[in-house]
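Engineer: I am sharing model_35.txt, which consists of compact mmCIF, C-alpha atoms:
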```txt
# COMPACT_ATOMS: atom_id res chain seq x y z
CA MET A 1 61.02 207.36 156.97
CA THR A 2 59.32 203.98 157.45
CA SER A 3 56.01 203.78 159.32
CA ASN A 4 54.92 200.69 161.21
CA PHE A 5 51.27 201.50 160.57
CA PRO A 6 49.63 199.83 157.56
CA GLN A 7 49.94 201.88 154.40
CA ALA A 8 47.30 202.52 151.76
CA GLY A 9 46.41 199.33 149.92
CA GLU A 10 47.37 196.99 152.76
CA PRO A 11 44.69 194.58 153.99
CA PRO A 12 42.48 196.15 156.71
CA GLY A 13 43.01 193.02 158.80
CA ASP A 14 46.63 194.06 159.38
CA ALA A 15 45.49 197.30 160.99
CA LEU A 16 43.11 195.43 163.28
CA MET A 17 45.85 192.98 164.21
CA ILE A 18 48.26 195.81 165.06
CA GLU A 19 45.63 197.63 167.12
CA GLU A 20 44.80 194.40 168.97
CA LEU A 21 48.47 193.77 169.70
CA THR A 22 48.88 197.35 170.92
CA ALA A 23 45.87 197.00 173.21
CA GLN A 24 47.22 193.74 174.62
CA GLN A 25 50.63 195.26 175.29
CA LEU A 26 49.12 198.32 176.96
CA ALA A 27 46.77 196.20 179.08
CA ALA A 28 49.66 194.06 180.35
CA VAL A 29 51.80 197.07 181.22
CA PHE A 30 48.94 199.02 182.81
CA ALA A 31 48.12 196.00 184.98
CA ARG A 32 51.66 196.00 186.35
CA MET A 33 51.53 199.75 186.92
CA SER A 34 48.17 199.49 188.68
CA GLY A 35 49.63 196.84 190.96
CA LEU A 36 52.28 199.34 191.99
CA LEU A 37 49.67 202.06 192.51
CA LEU A 38 47.74 199.84 194.91
CA SER A 39 50.84 199.03 196.93
CA SER A 40 52.76 201.26 199.32
CA GLU A 41 55.63 201.92 196.93
CA LYS A 42 57.26 205.34 196.90
CA VAL A 43 57.61 207.76 194.01
CA ASP A 44 61.20 206.85 193.15
CA THR A 45 60.28 203.16 192.88
CA ALA A 46 57.35 204.04 190.65
CA LEU A 47 59.57 206.12 188.37
CA LYS A 48 62.15 203.35 188.03
CA LEU A 49 59.41 200.89 187.11
CA ILE A 50 57.99 203.26 184.51
CA THR A 51 61.34 203.65 182.73
CA ALA A 52 61.95 199.89 182.79
CA LEU A 53 58.49 199.22 181.36
CA ALA A 54 58.99 201.89 178.68
CA VAL A 55 62.02 199.98 177.37
CA GLU A 56 59.89 196.83 177.21
CA MET A 57 56.90 198.62 175.76
CA VAL A 58 58.46 200.42 172.79
CA PRO A 59 60.23 198.03 170.38
CA GLY A 60 63.88 198.74 169.64
CA THR A 61 64.38 200.94 172.70
CA THR A 62 67.74 200.76 174.46
CA GLY A 63 67.16 203.35 177.18
CA ALA A 64 64.42 205.45 178.78
CA GLY A 65 64.14 208.33 181.20
CA ILE A 66 61.68 210.62 182.97
CA SER A 67 62.16 214.38 183.28
CA LEU A 68 60.34 216.17 186.10
CA MET A 69 60.56 219.43 188.04
CA ASP A 70 62.30 219.21 191.41
CA ARG A 71 61.27 221.15 194.53
CA HIS A 72 63.53 224.03 193.49
CA GLY A 73 61.85 224.41 190.10
CA ARG A 74 64.71 222.80 188.16
CA ARG A 75 64.22 220.24 185.42
CA VAL A 76 65.91 216.99 186.40
CA THR A 77 66.03 213.37 185.29
CA ALA A 78 64.01 211.72 188.04
CA ALA A 79 64.68 208.21 186.72
CA ALA A 80 66.70 206.68 183.90
CA THR A 81 67.62 203.19 182.83
CA ASP A 82 71.30 204.01 182.29
CA GLU A 83 74.00 206.68 182.42
CA VAL A 84 73.83 207.42 178.68
CA VAL A 85 70.22 208.56 179.03
CA GLU A 86 71.15 210.76 181.98
CA ARG A 87 73.99 212.36 180.03
CA ALA A 88 71.77 213.05 177.02
CA ASP A 89 69.13 214.57 179.31
CA ARG A 90 71.65 216.63 181.25
CA LEU A 91 72.81 218.27 178.04
CA GLN A 92 69.24 219.32 177.25
CA TYR A 93 68.88 220.97 180.65
CA GLN A 94 72.18 222.78 180.19
CA LEU A 95 71.23 224.07 176.75
CA GLY A 96 67.61 224.74 177.64
CA HIS A 97 66.29 222.99 174.56
CA GLY A 98 65.90 219.56 172.98
CA PRO A 99 63.17 217.08 172.04
CA CYS A 100 62.27 216.14 175.61
CA LEU A 101 61.91 219.76 176.74
CA THR A 102 59.92 220.58 173.61
CA ALA A 103 57.53 217.69 174.25
CA TRP A 104 57.14 218.92 177.82
CA ALA A 105 56.53 222.57 176.87
CA GLU A 106 54.28 221.94 173.87
CA ARG A 107 52.42 218.93 175.34
CA ALA A 108 53.07 217.00 172.13
CA VAL A 109 54.98 213.92 171.03
CA VAL A 110 58.37 214.73 169.50
CA ARG A 111 60.24 212.25 167.31
CA VAL A 112 63.82 212.43 166.11
CA ASP A 113 64.54 209.97 163.31
CA ASP A 114 68.31 210.51 163.19
CA LEU A 115 70.15 212.59 165.78
CA ALA A 116 73.19 212.77 163.50
CA GLN A 117 71.19 214.64 160.85
CA ASP A 118 68.37 216.42 162.71
CA GLU A 119 68.64 220.22 162.47
CA ARG A 120 66.10 221.31 165.09
CA TRP A 121 68.49 221.16 168.06
CA PRO A 122 71.99 220.64 166.55
CA ALA A 123 73.78 221.73 169.73
CA TRP A 124 72.10 218.82 171.50
CA SER A 125 71.57 216.22 168.80
CA ARG A 126 75.18 216.01 167.58
CA PRO A 127 76.71 215.35 171.04
CA ALA A 128 73.85 212.95 171.81
CA ALA A 129 74.61 211.04 168.63
CA GLU A 130 78.23 210.78 169.78
CA LEU A 131 76.93 208.94 172.85
CA GLY A 132 75.69 206.22 170.50
CA LEU A 133 72.06 207.35 170.29
CA ARG A 134 70.48 207.90 166.88
CA SER A 135 66.70 207.82 167.50
CA ALA A 136 64.63 209.57 170.16
CA LEU A 137 60.96 209.74 171.05
CA SER A 138 59.52 211.98 173.78
CA ALA A 139 55.97 212.30 175.14
CA PRO A 140 54.60 214.74 177.72
CA LEU A 141 53.41 213.51 181.11
CA VAL A 142 50.06 215.25 181.53
CA ALA A 143 47.73 214.78 184.52
CA GLY A 144 45.82 218.01 185.03
CA PRO A 145 46.11 221.53 183.63
CA GLU A 146 49.92 221.54 183.62
CA PRO A 147 52.29 218.84 182.31
CA LEU A 148 54.32 217.09 185.02
CA GLY A 149 57.28 216.49 182.74
CA ALA A 150 58.19 214.17 179.90
CA LEU A 151 58.94 210.53 179.21
CA LYS A 152 61.52 209.74 176.58
CA VAL A 153 63.01 206.66 174.92
CA TYR A 154 66.19 206.28 172.88
CA ALA A 155 67.42 203.76 170.35
CA VAL A 156 70.82 203.09 168.80
CA PRO A 157 69.83 202.66 165.12
CA PRO A 158 68.38 205.64 163.22
CA HIS A 159 64.72 205.58 162.16
CA SER A 160 63.82 203.19 164.97
CA TYR A 161 60.50 204.84 165.73
CA GLY A 162 57.43 205.53 163.64
CA GLU A 163 53.76 206.36 164.08
CA ARG A 164 52.99 203.13 165.91
CA GLU A 165 55.71 203.83 168.48
CA GLU A 166 54.39 207.37 168.88
CA HIS A 167 50.96 205.93 169.62
CA LEU A 168 52.37 203.43 172.12
CA LEU A 169 54.43 205.99 173.99
CA THR A 170 51.56 208.50 174.08
CA MET A 171 49.23 205.95 175.65
CA PHE A 172 51.89 204.75 178.03
CA ALA A 173 52.85 208.30 179.08
CA ALA A 174 49.21 209.14 179.85
CA GLN A 175 48.95 206.19 182.23
CA ALA A 176 52.38 206.92 183.71
CA ALA A 177 51.37 210.54 184.41
CA MET A 178 48.32 209.35 186.32
CA LEU A 179 50.45 206.97 188.35
CA ILE A 180 53.03 209.64 189.18
CA SER A 181 50.35 212.16 190.12
CA ASN A 182 48.47 209.70 192.34
CA THR A 183 51.63 208.40 194.00
CA ARG A 184 52.80 211.94 194.74
CA THR A 185 49.38 212.84 196.15
CA ALA A 186 49.38 209.79 198.40
CA GLN A 187 52.87 210.57 199.61
CA ASP A 188 51.98 214.22 200.27
CA ALA A 189 48.90 213.12 202.22
CA GLU A 190 50.98 210.69 204.25
CA ARG A 191 53.52 213.43 204.99
CA ALA A 192 50.78 215.88 205.97
CA SER A 193 49.14 213.32 208.24
CA SER A 194 52.48 212.69 209.92
CA GLN A 195 52.99 216.41 210.47
CA VAL A 196 49.51 216.79 211.96
CA ALA A 197 50.06 213.83 214.26
CA GLU A 198 53.40 215.27 215.36
CA ALA A 199 51.79 218.64 216.10
CA LEU A 200 49.05 216.98 218.12
CA ARG A 201 51.62 215.04 220.14
CA GLY A 202 53.41 218.33 220.84
CA ARG A 203 50.20 219.92 222.07
CA GLU A 204 49.47 216.97 224.35
CA VAL A 205 52.90 216.98 226.00
CA VAL A 206 52.68 220.75 226.63
CA LYS A 207 49.22 220.24 228.11
CA LEU A 208 50.61 217.50 230.37
CA ALA A 209 53.49 219.70 231.53
CA LYS A 210 51.10 222.56 232.32
CA GLY A 211 49.02 220.18 234.44
CA ILE A 212 52.10 219.08 236.35
CA ILE A 213 53.06 222.70 237.12
CA MET A 214 49.47 223.59 238.09
CA ALA A 215 49.31 220.68 240.53
CA ARG A 216 52.80 221.18 241.93
CA GLU A 217 52.71 224.96 242.34
CA ARG A 218 48.93 225.40 242.73
CA VAL A 219 48.60 227.98 239.95
CA ASP A 220 46.14 228.44 237.09
CA GLU A 221 46.70 227.37 233.49
CA ARG A 222 47.94 230.77 232.33
CA ALA A 223 50.56 230.97 235.10
CA ALA A 224 51.63 227.39 234.40
CA LEU A 225 52.18 228.19 230.71
CA LEU A 226 54.19 231.27 231.66
CA THR A 227 56.36 229.17 234.00
CA LEU A 228 56.92 226.60 231.27
CA ALA A 229 57.90 229.33 228.79
CA GLN A 230 60.36 230.82 231.28
CA LEU A 231 61.95 227.39 231.82
CA ALA A 232 62.30 226.95 228.06
CA GLU A 233 63.93 230.38 227.75
CA ARG A 234 66.44 229.62 230.51
CA GLU A 235 67.27 226.26 228.97
CA ARG A 236 67.43 227.85 225.50
CA THR A 237 65.27 225.18 224.00
CA THR A 238 61.73 224.79 222.64
CA LEU A 239 58.57 224.77 224.71
CA ARG A 240 57.88 221.21 223.65
CA HIS A 241 61.35 219.98 224.58
CA THR A 242 61.04 221.56 228.03
CA ALA A 243 57.58 220.04 228.44
CA GLU A 244 58.88 216.58 227.50
CA ARG A 245 61.79 216.87 229.96
CA LEU A 246 59.47 217.97 232.76
CA ALA A 247 57.02 215.15 232.10
CA GLN A 248 59.77 212.53 231.95
CA SER A 249 61.42 213.72 235.16
CA THR A 250 58.07 213.72 236.97
CA VAL A 251 57.34 210.16 235.87
CA ARG A 252 60.78 208.99 237.07
CA ARG A 253 60.19 210.57 240.53
CA LEU A 254 56.82 208.83 240.83
CA ARG A 255 58.27 205.39 240.17
```
Can I see the file as structure tokens?
Structural biologist:
Amino acid sequence: MTSNFPQAGEPPGDALMIEELTAQQLAAVFARMSGLLLSSEKVDTALKLITALAVEMVPGTTGAGISLMDRHGRRVTAAATDEVVERADRLQYQLGHGPCLTAWAERAVVRVDDLAQDERWPAWSRPAAELGLRSALSAPLVAGPEPLGALKVYAVPPHSYGEREEHLLTMFAAQAAMLISNTRTAQDAERASSQVAEALRGREVVKLAKGIIMARERVDERAALLTLAQLAERERTTLRHTAERLAQSTVRRLR
């Protein structure tokens, strides 16, 4: 196995140069990811960008994907750069094991130097190699006490990844996890705000309809609500829908 990190006896300047290059690469990618975070992009757009940047970020990579948990608790490929990645991932979910799932469960980077020869997950690695993939590298997406999922990259030649690529993907996955977590939180907040606003609008229209009934039939608020509920029952619809219809019909008569 060949490592891209400097070996014993190599000039220390090489290590500094590699670390500087790594820092520059990460800074450029993180800047693009931060730009997305500050915009109004949705989660799926963020995930697509992350996989595209992962291919650029890790040398030799031909495809990348992100595995997350869906709302039903199933592991799914939330984004992938191509169909081959999706097929390789799908096989892991079917078998219940593989490098990506191991990285996710153990919160550790997992590297496969040659899928055609690796013996850890032969039921997965052999069919994956038949797809034309020979190297794989997976890193957990961790933002909080529990991992969100995993980010993985694939390459066609064997032994494409070494310690330097592990370091790159680990750093990249940490930033990606923060982006995914923050984007999801923003989207959840937006959805919750929308639901609250919708509930408030419903309360206002019911209040308006009660006022119309109180003025028209000269009854108190409790009797007006009872009348509105009886109308809704006869019409076999919701209280809000009946209130909206009553308000709209009253406005039309006043015009």
Engineer: Would you compute the distance between atom CA of A:Glu130 and atom CA of A:Gly162? Give it in Å to one decimal.
Structural biologist: 22.3 Å
Engineer: Using only C-alpha atoms, which of A:Val58, A:Pro158, A:Val206, A:Leu228 sits nearest A:Thr170?
Structural biologist: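 Between A:Val58, A:Pro158, A:Val206, A:Leu228, the residue approaching A:Thr170 most closely is A:Val58.
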Engineer: Pick the closest to A:Arg120 from A:His97, A:Arg134, A:Ile212, A:Ala139: which is it, counting only C-alpha atoms?
Structural biologist: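 Answer, going by the shortest atom-to-atom distance: A:His97.
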Engineer: What gap, in Å, lies between atom CA of A:Ile66 and atom CA of A:Lys152?
Structural biologist: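 These two atoms are separated by 6.5 Å.
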Engineer: How far is it from atom CA of A:Ser160 to atom CA of A:Leu137, in Å with one decimal?
Structural biologist: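 These two atoms are separated by 9.4 Å.
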Engineer: So which residues touch stretch 75-82 of chain A within 12 Å, counting all atoms listed in the file, skipping near sequence neighbours fewer than 4 positions away, as a PyMOL selection string?
Structural biologist: chain A and resi 43-56+61-71+86-97+100-101+104-105+148-154+180
